[in-house]
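Have a look at data.txt below; it lists compact mmCIF, C-alpha atoms and all ligand atoms.
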# COMPACT_ATOMS: atom_id res chain seq x y z
CA MET H 38 -47.46 76.50 26.45
CA LYS H 39 -47.77 80.27 25.89
CA ASN H 40 -51.21 81.82 25.42
CA PRO H 41 -53.01 79.27 23.15
CA LEU H 42 -54.96 81.98 21.35
CA ALA H 43 -51.69 83.80 20.54
CA GLU H 44 -50.32 80.52 19.20
CA ILE H 45 -53.35 80.08 16.96
CA THR H 46 -52.93 83.66 15.71
CA GLU H 47 -49.34 82.81 14.82
CA LEU H 48 -50.41 79.57 13.17
CA VAL H 49 -52.94 81.44 10.99
CA ARG H 50 -50.27 83.99 10.07
CA ARG H 51 -47.81 81.26 9.06
CA GLU H 52 -50.40 79.31 7.07
CA THR H 53 -52.20 82.16 5.32
CA GLY H 54 -50.23 85.38 5.72
CA ILE H 55 -53.29 86.88 7.40
CA ALA H 56 -52.51 89.16 10.33
CA LEU H 57 -55.07 89.03 13.12
CA PRO H 58 -54.61 92.11 15.31
CA ALA H 59 -55.46 91.90 19.01
CA ALA H 60 -58.65 93.84 18.30
CA ARG H 61 -59.88 90.80 16.36
CA GLU H 62 -59.53 88.38 19.25
CA ALA H 63 -63.30 88.05 19.66
CA ALA H 64 -63.64 87.31 15.93
CA LEU H 65 -60.92 84.64 16.18
CA ARG H 66 -62.67 83.02 19.14
CA ALA H 67 -65.93 82.97 17.18
CA ALA H 68 -64.15 81.46 14.14
CA LEU H 69 -62.69 78.76 16.40
CA ARG H 70 -66.13 77.95 17.79
CA ARG H 71 -67.49 77.54 14.26
CA ALA H 72 -64.50 75.50 13.02
CA ALA H 73 -64.33 73.21 16.05
CA PRO H 74 -67.49 73.47 18.16
CA GLY H 75 -66.96 72.69 21.84
CA THR H 76 -63.15 72.87 21.57
CA ASP H 77 -61.17 75.42 23.58
CA PRO H 78 -58.03 77.03 22.09
CA ALA H 79 -55.63 74.68 23.89
CA ALA H 80 -57.52 71.58 22.74
CA PHE H 81 -57.66 73.03 19.22
CA LEU H 82 -53.87 73.33 19.18
CA ARG H 83 -53.51 69.71 20.25
CA SER H 84 -55.97 68.47 17.61
CA VAL H 85 -54.51 70.57 14.81
CA SER H 86 -51.08 69.02 15.31
CA ASP H 87 -52.56 65.53 14.87
CA PRO H 88 -51.17 64.06 11.61
CA ALA H 89 -54.50 62.38 10.79
CA GLY H 90 -57.18 65.05 11.26
CA GLY H 91 -55.08 68.17 11.84
CA ARG H 92 -55.00 69.38 8.25
CA GLY H 93 -58.77 69.22 7.85
CA LEU H 94 -59.24 71.13 11.09
CA MET H 95 -56.78 73.82 10.02
CA ASN H 96 -58.58 74.16 6.69
CA ARG H 97 -61.88 74.63 8.51
CA LEU H 98 -60.33 77.41 10.59
CA ILE H 99 -58.99 79.03 7.40
CA ASP H 100 -62.50 78.91 5.93
CA GLU H 101 -63.74 80.72 9.02
CA VAL H 102 -61.06 83.40 9.52
CA THR H 103 -60.95 84.54 5.90
CA VAL H 104 -63.20 87.41 4.87
CA GLN H 105 -65.02 86.27 1.74
CA GLU H 106 -67.09 89.33 0.97
CA THR H 107 -67.43 89.73 -2.82
CA SER H 108 -69.97 90.28 -5.58
CA PHE H 109 -70.37 90.45 -9.35
CA VAL H 110 -68.83 93.57 -10.98
CA ARG H 111 -67.48 94.80 -7.66
CA ASP H 112 -65.71 98.15 -8.15
CA ARG H 113 -66.99 98.46 -11.69
CA GLY H 114 -64.90 101.59 -12.41
CA GLN H 115 -61.76 99.57 -11.95
CA LEU H 116 -62.93 96.68 -14.11
CA ASP H 117 -63.92 99.11 -16.86
CA THR H 118 -60.27 100.06 -17.27
CA ILE H 119 -59.41 96.58 -18.59
CA ALA H 120 -58.50 96.91 -22.29
CA TRP H 121 -59.81 93.54 -23.51
CA HIS H 122 -59.04 94.17 -27.20
CA SER H 123 -55.37 94.99 -26.49
CA LEU H 124 -55.12 92.02 -24.16
CA LEU H 125 -56.44 89.71 -26.88
CA GLN H 126 -54.07 91.16 -29.46
CA ALA H 127 -51.12 90.70 -27.13
CA ALA H 128 -52.21 87.17 -26.23
CA ARG H 129 -52.48 86.24 -29.91
CA ALA H 130 -49.11 87.83 -30.65
CA GLY H 131 -47.75 85.54 -27.94
CA GLY H 132 -49.28 82.48 -29.63
CA SER H 133 -52.33 82.03 -27.38
CA ARG H 134 -55.87 81.85 -28.77
CA THR H 135 -57.41 83.31 -25.62
CA ILE H 136 -56.59 85.87 -22.95
CA ARG H 137 -55.26 84.18 -19.83
CA ALA H 138 -56.61 85.83 -16.68
CA TRP H 139 -56.10 85.01 -13.01
CA SER H 140 -58.45 86.10 -10.24
CA ALA H 141 -56.20 85.55 -7.20
CA GLY H 142 -58.21 85.37 -3.98
CA CYS H 143 -61.47 84.91 -5.88
CA ALA H 144 -63.57 83.94 -2.83
CA SER H 145 -66.86 82.38 -3.99
CA GLY H 146 -66.09 83.07 -7.66
CA GLU H 147 -68.03 86.22 -8.53
CA GLU H 148 -64.88 88.09 -9.59
CA ALA H 149 -63.71 85.26 -11.87
CA TYR H 150 -67.11 84.96 -13.54
CA THR H 151 -67.24 88.74 -13.86
CA LEU H 152 -63.95 88.77 -15.78
CA ALA H 153 -65.30 86.14 -18.18
CA LEU H 154 -68.54 88.07 -18.60
CA LEU H 155 -66.78 91.38 -19.29
CA ALA H 156 -64.40 89.77 -21.79
CA ASP H 157 -67.30 88.08 -23.55
CA GLN H 158 -69.20 91.36 -23.75
CA ALA H 159 -66.18 93.30 -24.99
CA LEU H 160 -65.23 90.67 -27.58
CA PRO H 161 -68.59 89.33 -28.79
CA LEU H 162 -67.25 87.85 -32.01
CA VAL H 163 -64.64 85.70 -30.33
CA ASP H 164 -65.68 82.31 -29.01
CA ALA H 165 -64.65 82.01 -25.33
CA PRO H 166 -62.16 84.91 -25.53
CA VAL H 167 -60.77 84.36 -22.05
CA ASP H 168 -59.55 81.53 -19.86
CA VAL H 169 -60.04 82.64 -16.27
CA LEU H 170 -58.37 80.86 -13.38
CA GLY H 171 -59.95 81.60 -10.00
CA THR H 172 -57.90 80.63 -6.96
CA ASP H 173 -58.40 80.91 -3.24
CA ILE H 174 -57.01 79.41 -0.07
CA SER H 175 -60.47 78.57 1.26
CA GLY H 176 -61.91 75.21 0.24
CA ALA H 177 -65.41 76.33 1.24
CA ALA H 178 -65.13 79.42 -0.97
CA LEU H 179 -63.92 77.31 -3.91
CA ALA H 180 -66.77 74.86 -3.47
CA ALA H 181 -69.24 77.76 -3.65
CA ALA H 182 -67.41 79.10 -6.71
CA ALA H 183 -67.66 75.76 -8.50
CA LEU H 184 -71.35 75.55 -7.63
CA GLY H 185 -71.87 79.02 -9.08
CA ARG H 186 -75.21 79.63 -7.43
CA TYR H 187 -75.76 83.13 -6.06
CA ARG H 188 -78.29 85.11 -4.06
CA ASP H 189 -79.70 88.41 -5.22
CA ARG H 190 -77.19 90.42 -3.19
CA ALA H 191 -74.24 88.97 -5.11
CA VAL H 192 -75.61 89.99 -8.49
CA ARG H 193 -77.25 93.31 -7.57
CA ALA H 194 -74.70 95.41 -9.50
CA LEU H 195 -75.23 93.36 -12.67
CA PRO H 196 -77.69 95.06 -15.04
CA PRO H 197 -80.76 92.98 -16.04
CA SER H 198 -79.60 92.22 -19.58
CA PRO H 199 -76.25 90.52 -18.82
CA ARG H 200 -77.87 88.97 -15.76
CA GLY H 201 -80.49 87.29 -17.95
CA ARG H 202 -77.96 86.31 -20.59
CA TYR H 203 -75.25 84.78 -18.43
CA LEU H 204 -77.13 83.55 -15.35
CA ASP H 205 -80.21 81.34 -15.05
CA GLN H 206 -82.68 82.37 -12.39
CA GLN H 207 -83.87 79.44 -10.30
CA ALA H 208 -87.31 78.76 -8.80
CA ASP H 209 -86.08 79.92 -5.37
CA GLY H 210 -84.92 83.25 -6.85
CA SER H 211 -81.20 82.43 -6.80
CA TYR H 212 -79.03 82.69 -9.91
CA LEU H 213 -77.04 79.83 -11.42
CA VAL H 214 -74.06 80.63 -13.63
CA GLY H 215 -74.82 79.50 -17.18
CA GLU H 216 -72.76 77.27 -19.47
CA ARG H 217 -71.32 80.14 -21.47
CA LEU H 218 -69.44 81.55 -18.46
CA ARG H 219 -68.61 78.15 -17.00
CA ARG H 220 -66.73 77.21 -20.16
CA MET H 221 -64.39 80.14 -19.57
CA VAL H 222 -63.74 79.78 -15.85
CA ARG H 223 -62.00 77.18 -13.71
CA PHE H 224 -61.12 77.12 -10.04
CA ARG H 225 -58.36 75.62 -7.98
CA ARG H 226 -56.78 76.03 -4.61
CA HIS H 227 -53.72 78.23 -4.29
CA ASN H 228 -52.09 79.91 -1.31
CA LEU H 229 -50.76 83.38 -2.07
CA ALA H 230 -48.66 83.29 1.08
CA SER H 231 -46.66 80.23 0.06
CA GLY H 232 -46.99 80.06 -3.73
CA PRO H 233 -45.69 78.84 -6.10
CA PHE H 234 -46.17 81.62 -8.68
CA PRO H 235 -47.77 81.15 -11.11
CA PRO H 236 -49.71 78.17 -9.72
CA PRO H 237 -48.24 74.80 -10.77
CA GLY H 238 -48.80 73.93 -14.43
CA GLU H 239 -50.02 77.44 -15.33
CA ALA H 240 -48.38 79.53 -18.04
CA ALA H 241 -47.85 83.27 -17.56
CA PHE H 242 -51.00 85.41 -17.47
CA ASP H 243 -52.09 88.38 -19.57
CA LEU H 244 -54.12 89.74 -16.67
CA VAL H 245 -53.87 89.19 -12.92
CA VAL H 246 -56.54 90.62 -10.64
CA CYS H 247 -55.94 90.48 -6.90
CA ARG H 248 -58.37 92.67 -5.03
CA ASN H 249 -59.31 93.00 -1.39
CA VAL H 250 -56.95 90.22 -0.38
CA LEU H 251 -53.69 91.91 0.59
CA ILE H 252 -55.36 94.21 3.10
CA TYR H 253 -55.61 91.26 5.46
CA PHE H 254 -51.97 90.20 5.07
CA GLU H 255 -49.10 90.99 7.37
CA ARG H 256 -47.25 93.90 5.87
CA SER H 257 -43.91 92.20 5.29
CA LEU H 258 -45.63 89.71 2.98
CA VAL H 259 -47.42 92.24 0.82
CA VAL H 260 -44.48 93.46 -1.29
CA GLN H 261 -43.37 89.85 -1.73
CA VAL H 262 -46.81 88.76 -3.00
CA ILE H 263 -47.12 91.75 -5.33
CA ASP H 264 -43.70 90.94 -6.82
CA SER H 265 -44.71 87.30 -7.24
CA LEU H 266 -47.96 88.30 -8.95
CA ARG H 267 -45.98 90.55 -11.29
CA ARG H 268 -43.66 87.68 -12.11
CA SER H 269 -46.72 85.63 -13.05
CA LEU H 270 -47.50 88.02 -15.90
CA ARG H 271 -46.23 87.70 -19.43
CA PRO H 272 -44.13 90.74 -20.43
CA GLY H 273 -46.51 93.69 -20.77
CA GLY H 274 -49.29 91.89 -18.87
CA VAL H 275 -51.56 93.82 -16.51
CA LEU H 276 -51.79 93.54 -12.72
CA ILE H 277 -54.83 95.03 -11.00
CA LEU H 278 -54.81 95.41 -7.25
CA GLY H 279 -57.91 96.38 -5.30
CA ALA H 280 -58.46 99.90 -4.15
CA ALA H 281 -58.48 98.73 -0.57
CA ASP H 282 -55.06 97.16 -1.03
CA VAL H 283 -53.59 100.60 -1.69
CA ILE H 284 -52.93 101.31 1.96
CA THR H 285 -51.39 97.93 2.58
CA GLY H 286 -49.24 98.26 -0.52
CA SER H 287 -48.01 101.74 0.21
CA THR H 288 -47.33 100.87 3.83
CA ALA H 289 -45.40 97.80 2.85
CA ARG H 290 -43.47 99.79 0.28
CA ALA H 291 -42.52 102.27 2.99
CA ALA H 292 -41.25 99.38 5.06
CA ASP H 293 -39.19 98.12 2.12
CA PRO H 294 -37.81 101.06 0.14
CA ALA H 295 -36.11 98.70 -2.34
CA ALA H 296 -39.45 97.32 -3.47
CA GLY H 297 -40.96 98.52 -6.73
CA PRO H 298 -44.08 100.66 -6.92
CA VAL H 299 -47.46 99.11 -6.28
CA CYS H 300 -50.42 99.95 -8.52
CA PRO H 301 -51.89 102.95 -6.76
CA ALA H 302 -55.43 104.25 -6.92
CA ARG H 303 -55.27 106.46 -9.98
CA PRO H 304 -57.25 109.62 -10.19
CA ASP H 305 -59.27 109.88 -13.36
CA ALA H 306 -58.53 113.21 -14.97
CA ARG H 307 -61.54 112.91 -17.31
CA ARG H 308 -63.91 112.94 -14.38
CA LEU H 309 -62.38 116.14 -13.11
CA ARG H 310 -63.79 117.94 -16.12
CA ARG H 311 -66.96 117.95 -14.05
CA PRO H 312 -66.98 120.44 -11.13
CA LEU H 313 -64.57 119.27 -8.47
CA GLY H 314 -65.27 121.74 -5.69
CA ARG H 315 -68.16 123.86 -4.66
CA GLU H 316 -67.77 126.62 -7.28
CA PRO H 317 -68.03 125.35 -10.86
CA ALA H 318 -65.51 127.93 -12.20
CA GLN H 319 -64.56 126.49 -15.56
CA SER H 320 -60.94 127.60 -15.88
CA ARG H 321 -60.11 126.31 -12.43
CA GLU H 322 -61.56 122.90 -13.32
CA GLN H 323 -59.64 122.76 -16.57
CA ARG H 324 -56.39 123.53 -14.81
CA LEU H 325 -56.97 120.87 -12.18
CA ALA H 326 -57.96 118.34 -14.85
CA ALA H 327 -54.84 119.28 -16.83
CA ALA H 328 -52.77 118.77 -13.68
CA LEU H 329 -54.06 115.23 -13.28
CA GLU H 330 -53.68 114.47 -16.96
CA ALA H 331 -50.06 115.60 -16.78
CA ALA H 332 -49.56 113.50 -13.64
CA ASP H 333 -50.97 110.50 -15.50
CA LYS H 334 -48.27 111.00 -18.13
CA SER H 335 -45.68 111.25 -15.33
CA ASP H 336 -45.13 114.92 -16.20
CA ARG H 337 -44.82 116.05 -12.61
CA ASP H 338 -43.55 119.55 -13.46
CA ASP H 339 -46.46 120.35 -15.74
CA ALA H 340 -48.89 118.92 -13.18
CA LEU H 341 -47.47 121.05 -10.40
CA SER H 342 -47.36 124.21 -12.48
CA GLN H 343 -51.08 123.80 -13.30
CA VAL H 344 -51.85 123.40 -9.61
CA ALA H 345 -49.63 126.38 -8.75
CA SER H 346 -51.65 128.59 -11.08
CA VAL H 347 -54.85 127.65 -9.23
CA LEU H 348 -53.16 128.26 -5.89
CA ALA H 349 -51.97 131.66 -7.11
CA ASP H 350 -55.64 132.66 -7.33
CA ASN H 351 -56.49 131.13 -3.97
CA PRO H 352 -53.66 129.74 -1.79
CA LEU H 353 -56.21 127.89 0.32
CA ASP H 354 -58.03 126.11 -2.52
CA ALA H 355 -58.57 122.75 -0.78
CA ASP H 356 -59.03 120.82 -4.02
CA ALA H 357 -55.87 122.25 -5.58
CA LEU H 358 -53.90 121.47 -2.42
CA PHE H 359 -55.31 117.95 -2.50
CA VAL H 360 -54.24 117.48 -6.13
CA GLN H 361 -50.81 118.89 -5.24
CA GLY H 362 -50.55 116.30 -2.46
CA LEU H 363 -51.67 113.49 -4.75
CA VAL H 364 -49.23 114.45 -7.51
CA THR H 365 -46.24 114.81 -5.19
CA LEU H 366 -47.10 111.56 -3.40
CA GLU H 367 -47.25 109.67 -6.68
CA ALA H 368 -44.05 111.38 -7.83
CA GLY H 369 -42.29 109.87 -4.79
CA GLU H 370 -42.15 113.06 -2.71
CA PRO H 371 -44.21 112.08 0.34
CA ALA H 372 -42.80 114.77 2.67
CA ARG H 373 -43.99 117.43 0.23
CA ALA H 374 -47.31 115.63 -0.07
CA VAL H 375 -47.74 115.76 3.72
CA VAL H 376 -47.38 119.56 3.69
CA ALA H 377 -49.89 120.03 0.85
CA LEU H 378 -52.43 117.62 2.32
CA ARG H 379 -52.22 119.17 5.78
CA ARG H 380 -52.99 122.50 4.17
CA ALA H 381 -55.90 120.97 2.28
CA LEU H 382 -57.28 119.76 5.60
CA TYR H 383 -56.68 123.15 7.19
CA ALA H 384 -58.70 124.72 4.37
CA ASP H 385 -61.40 122.07 4.56
CA PRO H 386 -61.30 120.05 7.81
CA ALA H 387 -64.02 117.68 6.53
CA PHE H 388 -62.13 116.72 3.34
CA SER H 389 -61.97 113.02 4.20
CA LEU H 390 -60.22 111.95 1.01
CA ALA H 391 -57.41 114.38 1.81
CA ALA H 392 -57.14 112.72 5.25
CA PHE H 393 -56.90 109.29 3.60
CA THR H 394 -54.21 110.46 1.18
CA LEU H 395 -52.38 112.15 4.06
CA GLY H 396 -52.37 108.76 5.79
CA ARG H 397 -50.73 107.21 2.72
CA ALA H 398 -48.15 110.03 2.63
CA HIS H 399 -47.33 109.59 6.33
CA ASP H 400 -47.00 105.84 5.73
CA ALA H 401 -44.65 106.51 2.84
CA VAL H 402 -42.34 108.58 5.05
CA GLY H 403 -42.56 105.90 7.73
CA ASP H 404 -44.55 107.90 10.31
CA ALA H 405 -46.97 105.17 11.38
CA LEU H 406 -48.46 107.15 14.27
CA ALA H 407 -49.34 110.17 12.12
CA ALA H 408 -50.69 107.80 9.44
CA ARG H 409 -52.93 106.21 12.02
CA ARG H 410 -54.26 109.60 13.10
CA ALA H 411 -54.96 110.50 9.47
CA TYR H 412 -56.84 107.26 8.80
CA GLU H 413 -58.87 107.82 11.99
CA ARG H 414 -59.68 111.30 10.76
CA PHE H 415 -60.73 109.88 7.40
CA LEU H 416 -63.18 107.53 9.13
CA ARG H 417 -64.45 110.32 11.39
CA THR H 418 -65.09 112.75 8.57
CA LEU H 419 -66.23 110.27 5.93
CA ASP H 420 -69.37 111.54 4.29
CA PRO H 421 -70.60 109.20 1.52
CA ALA H 422 -72.63 112.11 0.12
CA ASP H 423 -69.47 114.14 -0.54
CA HIS H 424 -69.52 114.16 -4.35
CA ARG H 425 -65.75 114.58 -4.57
CA HIS H 426 -65.36 110.84 -3.96
CA GLU H 427 -67.04 109.99 -7.26
CA LEU H 428 -65.41 112.88 -9.03
CA ILE H 429 -61.86 112.16 -8.01
CA LEU H 430 -61.74 108.42 -7.69
CA GLN H 431 -61.78 106.15 -10.67
CA GLN H 432 -60.68 102.79 -9.37
CA VAL H 433 -61.68 103.32 -5.78
CA ASP H 434 -64.85 102.54 -3.95
CA ILE H 435 -65.07 104.77 -0.88
CA GLY H 436 -66.55 101.91 1.16
CA ASP H 437 -63.51 99.78 0.37
CA ILE H 438 -61.20 102.55 1.47
CA ALA H 439 -63.11 102.76 4.74
CA ALA H 440 -62.85 98.96 5.17
CA ALA H 441 -59.12 99.12 4.47
CA CYS H 442 -58.67 101.93 6.99
CA ARG H 443 -60.52 99.95 9.62
CA ALA H 444 -58.41 96.86 8.88
CA ARG H 445 -55.28 99.01 9.03
CA LEU H 446 -56.37 100.40 12.38
CA GLY H 447 -57.08 96.89 13.63
CA GLU H 448 -60.81 97.31 13.87
CA GLN H 449 -63.52 94.97 12.64
CA PRO H 450 -64.02 95.56 8.90
C1 LIG H 501 -62.57 89.75 0.47
S1 LIG H 501 -62.27 88.34 -0.53
C2 LIG H 501 -61.92 89.09 -2.08
C3 LIG H 501 -62.72 88.52 -3.19
C4 LIG H 501 -62.55 89.21 -4.53
N1 LIG H 501 -61.18 89.24 -4.93
C5 LIG H 501 -63.13 90.59 -4.50
O1 LIG H 501 -62.39 91.57 -4.47
O2 LIG H 501 -64.36 90.70 -4.48
C6 LIG H 501 -60.66 87.80 0.04
C7 LIG H 501 -60.34 86.39 -0.33
O3 LIG H 501 -58.93 86.16 -0.18
C8 LIG H 501 -58.77 84.84 0.22
N2 LIG H 501 -57.43 84.64 0.83
C9 LIG H 501 -57.02 85.03 2.05
N3 LIG H 501 -55.77 84.62 2.26
C10 LIG H 501 -55.37 83.98 1.13
C11 LIG H 501 -54.17 83.34 0.76
N4 LIG H 501 -53.11 83.28 1.58
N5 LIG H 501 -54.12 82.78 -0.47
C12 LIG H 501 -55.19 82.83 -1.31
N6 LIG H 501 -56.35 83.42 -1.00
C13 LIG H 501 -56.44 83.99 0.23
C14 LIG H 501 -59.90 84.61 1.20
O4 LIG H 501 -60.18 83.24 1.41
C15 LIG H 501 -61.04 85.36 0.55
O5 LIG H 501 -61.84 84.53 -0.20
Reformat the file's structure so that it appears as structure tokens.
Ligand SMILES: C[S@@+](CC[C@H](N)C(=O)[O-])C[C@H]1O[C@@H](n2cnc3c(N)ncnc32)[C@H](O)[C@@H]1O
Amino acid sequence: MKNPLAEITELVRRETGIALPAAREAALRAALRRAAPGTDPAAFLRSVSDPAGGRGLMNRLIDEVTVQETSFVRDRGQLDTIAWHSLLQAARAGGSRTIRAWSAGCASGEEAYTLALLADQALPLVDAPVDVLGTDISGAALAAAALGRYRDRAVRALPPSPRGRYLDQQADGSYLVGERLRRMVRFRRHNLASGPFPPPGEAAFDLVVCRNVLIYFERSLVVQVIDSLRRSLRPGGVLILGAADVITGSTARAADPAAGPVCPARPDARRLRRPLGREPAQSREQRLAAALEAADKSDRDDALSQVASVLADNPLDADALFVQGLVTLEAGEPARAVVALRRALYADPAFSLAAFTLGRAHDAVGDALAARRAYERFLRTLDPADHRHELILQQVDIGDIAAACRARLGEQP
């Protein structure tokens, strides 16, 4: 028998798609101890191949190795982009009374309930406007989801009014999901690594949300899963990937140039109307905002000419160089993006978001070593107080980017 721990790593990868880098060996050992107390890796391998109890043991290990961190309205900025009215119109045009939504990799259910809550708030006159399916590979997570009882930490981002309306506070301080949300949400087990897509018996979805799941997958699987999720949508349906999945997606895309684009973290041009850099010079802001607006409309030339006019005033304007890098990266010109982003970092060595985007650009040209260095630099220079994070990022939580970088670098998240 080869190294039993390596065999278990391979078993987890085959079963779940989750890659466990060598740096996570201690975490795997701890997960094994929790799943099968008193059993060493070799004995675990023997027991897991037993036709009678093996499956249950494997499921316990899956419960333990999966990262189930989640909360209500996580990454609110991203959820706010969901156009519930258009989704309902499209669903009705397709003959369905309700919007069909899928929270894939829903963990203990907060994301699925959040989708129901947001739909209900956006469409108050429609009775149960959404049918949300929450799926996960972990039986323990699904049991918690079905129970729908949450501690304070899970609901902290939920303002008091929806909290009081949709959840019932219990004597011990916990919150129990109320009937209104429960009517709109159901849970079932589904493995994103092995399908099928959509889950058996499910019709195509209007909305698929899969966030903070793919970052843990082996890269070769990521493009495949994204394509399968896309195929689970009705024509014109919406797929939302988590901000933290951006790295995984772009890396996987680099590994498979034939694959289609993944939903990237989109900059929000409206936010750039507020000062982006240190000096609040109005015309500069307007030109940078116009550049991002043009990029949003896929008008690369207009976007780059706006940036060029800012750079004509100051060739080392770090923000303009950053936007130039972002625009060229999204336009499929990663080598050009690398040049612009390196310059941005030369102009402002502590511009961590430029380091992160440089990592994505290096990944897109297939330079894994340089990408690694850029992600390390991002983590080194990350300053949560740097206001550019809020100003530039719409769908991205900086903490999630940091977690994704750590996962990418094989560190503990
Ligand atoms: C970090 S949670 C994400 C929860 C939620 N989507 C969010 O963003 O808050 C990741 C979830 O993905 C699930 N997962 C991991 N591998 C999976 C697979 N192959 N199929 C389905 N779910 C999987 C884990 O069990 C875990 O609950």
Could you tell me how far atom CA of Asp100 of chain H lies from atom CA of Leu258 of chain H, in Å and to one decimal? 20.2 Å
Distance filter 6 Å around ligand LIG 501 (chain H), atoms: only C-alpha atoms and all ligand atoms, out as a short mmCIF file (atom, residue, chain, number, x, y, z; two decimals) with C-alpha atoms, in the frame of the given file:
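Wrote result27.cif, looks like this:
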data_model
loop_
_atom_site.label_atom_id
_atom_site.label_comp_id
_atom_site.auth_asym_id
_atom_site.auth_seq_id
_atom_site.Cartn_x
_atom_site.Cartn_y
_atom_site.Cartn_z
CA THR H 53 -52.20 82.16 5.32
CA GLY H 54 -50.23 85.38 5.72
CA THR H 103 -60.95 84.54 5.90
CA VAL H 104 -63.20 87.41 4.87
CA GLN H 105 -65.02 86.27 1.74
CA GLU H 106 -67.09 89.33 0.97
CA THR H 107 -67.43 89.73 -2.82
CA SER H 108 -69.97 90.28 -5.58
CA GLY H 142 -58.21 85.37 -3.98
CA CYS H 143 -61.47 84.91 -5.88
CA ALA H 144 -63.57 83.94 -2.83
CA GLU H 148 -64.88 88.09 -9.59
CA ASP H 173 -58.40 80.91 -3.24
CA ILE H 174 -57.01 79.41 -0.07
CA SER H 175 -60.47 78.57 1.26
CA HIS H 227 -53.72 78.23 -4.29
CA ASN H 228 -52.09 79.91 -1.31
CA LEU H 229 -50.76 83.38 -2.07
CA ALA H 230 -48.66 83.29 1.08
CA CYS H 247 -55.94 90.48 -6.90
CA ARG H 248 -58.37 92.67 -5.03
CA ASN H 249 -59.31 93.00 -1.39
CA VAL H 250 -56.95 90.22 -0.38
#
Can you pull out the residues contacting Glu370 of chain H? Cut-off 12 Å, using only C-alpha atoms, and skip same-chain residues under 3 positions away; I want them as a PyMOL selection string. chain H and resi 337+361-367+373-377+397-399+401-402
Prev. selection, C-alpha atoms, output as a compact mmCIF listing (two decimals), keeping the file's coordinate frame:
# COMPACT_ATOMS: atom_id res chain seq x y z
CA ARG H 337 -44.82 116.05 -12.61
CA GLN H 361 -50.81 118.89 -5.24
CA GLY H 362 -50.55 116.30 -2.46
CA LEU H 363 -51.67 113.49 -4.75
CA VAL H 364 -49.23 114.45 -7.51
CA THR H 365 -46.24 114.81 -5.19
CA LEU H 366 -47.10 111.56 -3.40
CA GLU H 367 -47.25 109.67 -6.68
CA ARG H 373 -43.99 117.43 0.23
CA ALA H 374 -47.31 115.63 -0.07
CA VAL H 375 -47.74 115.76 3.72
CA VAL H 376 -47.38 119.56 3.69
CA ALA H 377 -49.89 120.03 0.85
CA ARG H 397 -50.73 107.21 2.72
CA ALA H 398 -48.15 110.03 2.63
CA HIS H 399 -47.33 109.59 6.33
CA ALA H 401 -44.65 106.51 2.84
CA VAL H 402 -42.34 108.58 5.05
Hey, what's within 9 Å of segment 47-49 of chain H if we count all atoms listed in the file and toss same-chain stuff fewer than 4 positions away? As a ChimeraX atom specification, please? /H:42-43,53-57,95,98-99,102
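Minimum distance to Tyr412 of chain H across H:Val214, H:Ile438, H:Ala387, H:Ile263 (counting all atoms listed in the file) occurs at H:Ile438.
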